[in-house]
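Engineer: So that we are looking at the same thing, I have put the structure below in structure tokens.
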Amino acid sequence: MFLEVSRSGFYKYLQNNNQKDLDVVNKIKLIQDKCKRRYGYRRVQIALEKQFGLHINHKKVLRLMNKYNLLSKIRRKYIYTKPNEVLHYYANLYNRNFNAEDINKKWTTDITYIVTPEGRLYLSVIRDVFDGYIVAYKYSTHVDSKLVADTLKLAYKNNKIDGTILHSDQGATYTTLLYYNLTKEYGITPSMSRKATPLDNAPAESFFSAFKTECIYLEKPKTIKEAKELCDEYIDFYNNERIQLKQQSCPNEIRQRKIANVG
């Protein structure tokens with residue numbers, strides 16, 4: 001015997017525990033099948049308790065999901081940053097005040113992705129709060145600080161900056177030293193939403209909602225090239241043709257009227 005446990009008793013213990021694990025795994029599979037594998041381990045842990053009365057440590061749930069290939073199919077965005085890089089966070093200067101008196105005074109920015117059979121295409125945009133105009137956009141097959149920097153460089157190149165505030169969420173791409181240095185060089189004041197609060201960046205979220213609903217979900221691009229073409233086509237349509245109900249004009253019409261009045 002080892003530690004006063006017989007060999008047969010030890011193997012019986014293992015068998016019983018393996019059977020308990022398999023019972024839990026089968027319940028996890030039922031949960032994941034029902035939600036189409038959308039749940040991560042923490043939601044699965046809650047579902048096990050609510051649906052089956054099982055109180056299981058989240059670490060064990062994760063271990064079983066990983067072992068039996070029951071992890072969520074939802075892929076999160078992970079941004080690599082150097083361990084010694086200083087991350088920059090900024091105050092929320094908008095506080096959901098999405099009114100602007102002039103063009104290029106208040107901008108919002110964000111990144112979304114388009115799924116194709118060839119992989120994902122990431123779209124970064126900067127939108128003017130005043131008229132809804134997309135002042136700059138870039139796309140890439142990688143979501144990184146370069147994508148954000150290229151979008152900001154294009155916005156600066158094509159627009160007059162004068163006391164501009166640029167608002168984003170707290171995504172890692174907006175906390176980098178590269179982003180900090182560019183905003184400082186361009187005389188742009190960064191602003192950030194509160195953590196996990198999409199409504200703090202509602203103008204950018206609103207554009208992406210329209211873009212996905214009116215374009216991507218309808219067209220269902222089959223290649224990265226087709227996705228890029230849809231981005232170009234829709235943003236041109238959005239800026240120059242799509243009527244905003246409140247203003248009864250497209251963003252560029254609102255923009256040009258303001259420029260003409262100022263001139």
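Scheme for the structure tokens: letters A, B, ... for chains in order shown; per-chain residue numbers from 1; ligand numbers from 1 in order shown.
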So that I can see what lies close to A:Lys73, please list as a list in words the residues with an atom at most 9 Å from it, counting only C-alpha atoms and leaving out residues fewer than 6 positions away in the same chain.
Structural biologist: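 My reading of the contact set: Lys36, Arg37, Arg38, Tyr39 and Gly40 of chain A.
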Engineer: Quick one: residues within 8 Å of stretch 97-101 of chain A, only C-alpha atoms counted, chain neighbours fewer than 4 positions away excluded, as an MDAnalysis selection string?
Structural biologist: chainID A and resid 105:106 129:130 203
Engineer: Compile the contact shell of A:Lys246 as a list in words: residues with an atom at most 12 Å away, counting only C-alpha atoms, same-chain residues fewer than 5 positions apart removed.
Structural biologist: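 Non-adjacent residues within range: Asp131, Gly132, Pro251 and Ile254 of chain A.
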Engineer: Which polymer residues have any atom within 6 Å of an atom of A:Ser191, counting only C-alpha atoms, with same-chain residues fewer than 2 positions away left out, as a list in words?
Structural biologist: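 Counting only C-alpha atoms, the residues come to Tyr90, Ala91, Asn92, Leu93, Leu166 and His167 of chain A.
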Engineer: Identify, on the basis of only C-alpha atoms, every residue whose closest approach to stretch 48-60 of chain A does not exceed 12 Å; exclude the query and any residue fewer than 5 positions from it along the same chain; express the result as a list in words.
Structural biologist: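 Near stretch 48-60 of chain A, the qualifying residues are Lys20, Asp21, Asp23, Val24, Val25, Asn26, Lys27, Ile28, Lys29, Leu30, Ile31, Gln32, Tyr39, Gly40, Tyr41, Arg42, Arg43, Met65, Asn66 and Lys67 of chain A.
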Engineer: Taking the DSSP assignment computed from this structure's backbone, write out as an NGL selection string all residues of stretch 4-209 of chain A that belong to strand (DSSP E).
Structural biologist: :A and (106-116 or 119-128 or 134-140 or 165-168 or 189-192)
Engineer: Calculated over only C-alpha atoms, which of the candidates A:Tyr133, A:Tyr179, A:Tyr238, A:Tyr68 has the smallest distance to A:Leu87?
Structural biologist: A:Tyr179
Engineer: Identify, with DSSP run on backbone atoms, the residues in stretch 85-257 of chain A assigned to alpha helix (DSSP H), and express the list as a ChimeraX atom specification.
Structural biologist: /A:145-158,177-186,202-211,217-219,224-240,251-257
Engineer: Write the residues of the preceding selection, restricted to C-alpha atoms, as a short mmCIF file (atom, residue, chain, number, x, y, z; two decimals), in the first residue's frame.
Structural biologist:
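Output saved as part_3.cif:
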data_model
loop_
_atom_site.label_atom_id
_atom_site.label_comp_id
_atom_site.auth_asym_id
_atom_site.auth_seq_id
_atom_site.Cartn_x
_atom_site.Cartn_y
_atom_site.Cartn_z
CA SER A 145 -0.36 49.71 -33.75
CA LYS A 146 0.71 50.24 -37.38
CA LEU A 147 -2.90 50.03 -38.58
CA VAL A 148 -3.95 52.72 -36.09
CA ALA A 149 -0.91 54.88 -36.87
CA ASP A 150 -1.51 54.69 -40.64
CA THR A 151 -5.14 55.75 -40.15
CA LEU A 152 -4.09 58.71 -38.02
CA LYS A 153 -1.39 59.75 -40.48
CA LEU A 154 -3.93 59.77 -43.32
CA ALA A 155 -6.42 61.81 -41.28
CA TYR A 156 -3.73 64.36 -40.46
CA LYS A 157 -2.61 64.55 -44.08
CA ASN A 158 -6.09 65.18 -45.50
CA LEU A 177 3.97 54.87 -27.40
CA LEU A 178 3.61 55.18 -31.20
CA TYR A 179 0.03 56.47 -30.87
CA TYR A 180 1.01 58.81 -28.03
CA ASN A 181 3.89 60.29 -30.03
CA LEU A 182 1.78 60.80 -33.16
CA THR A 183 -1.02 62.61 -31.33
CA LYS A 184 1.54 64.81 -29.64
CA GLU A 185 3.31 65.56 -32.94
CA TYR A 186 0.02 66.40 -34.68
CA ALA A 202 -21.24 55.59 -29.79
CA PRO A 203 -20.47 57.45 -33.08
CA ALA A 204 -17.84 54.91 -34.12
CA GLU A 205 -20.02 52.01 -32.97
CA SER A 206 -22.95 53.45 -34.92
CA PHE A 207 -20.95 53.58 -38.14
CA PHE A 208 -19.76 49.99 -37.76
CA SER A 209 -23.31 48.85 -37.08
CA ALA A 210 -24.51 50.44 -40.33
CA PHE A 211 -21.49 49.13 -42.22
CA TYR A 217 -24.04 40.92 -43.85
CA LEU A 218 -25.69 41.40 -47.23
CA GLU A 219 -22.68 40.87 -49.48
CA ILE A 224 -9.92 39.50 -48.61
CA LYS A 225 -9.79 41.40 -51.90
CA GLU A 226 -13.58 41.48 -52.11
CA ALA A 227 -13.78 42.68 -48.50
CA LYS A 228 -11.40 45.55 -49.28
CA GLU A 229 -13.47 46.54 -52.30
CA LEU A 230 -16.63 46.53 -50.17
CA CYS A 231 -14.93 48.81 -47.61
CA ASP A 232 -13.98 51.28 -50.33
CA GLU A 233 -17.41 51.19 -51.95
CA TYR A 234 -19.43 51.51 -48.75
CA ILE A 235 -17.39 54.31 -47.19
CA ASP A 236 -17.64 56.30 -50.42
CA PHE A 237 -21.42 55.69 -50.39
CA TYR A 238 -21.64 56.56 -46.68
CA ASN A 239 -19.76 59.84 -47.04
CA ASN A 240 -21.23 61.04 -50.32
CA PRO A 251 -22.08 63.71 -44.43
CA ASN A 252 -20.21 65.41 -47.26
CA GLU A 253 -23.12 67.76 -48.00
CA ILE A 254 -23.20 68.83 -44.35
CA ARG A 255 -19.44 69.26 -44.44
CA GLN A 256 -19.39 71.35 -47.60
CA ARG A 257 -22.18 73.62 -46.35
#
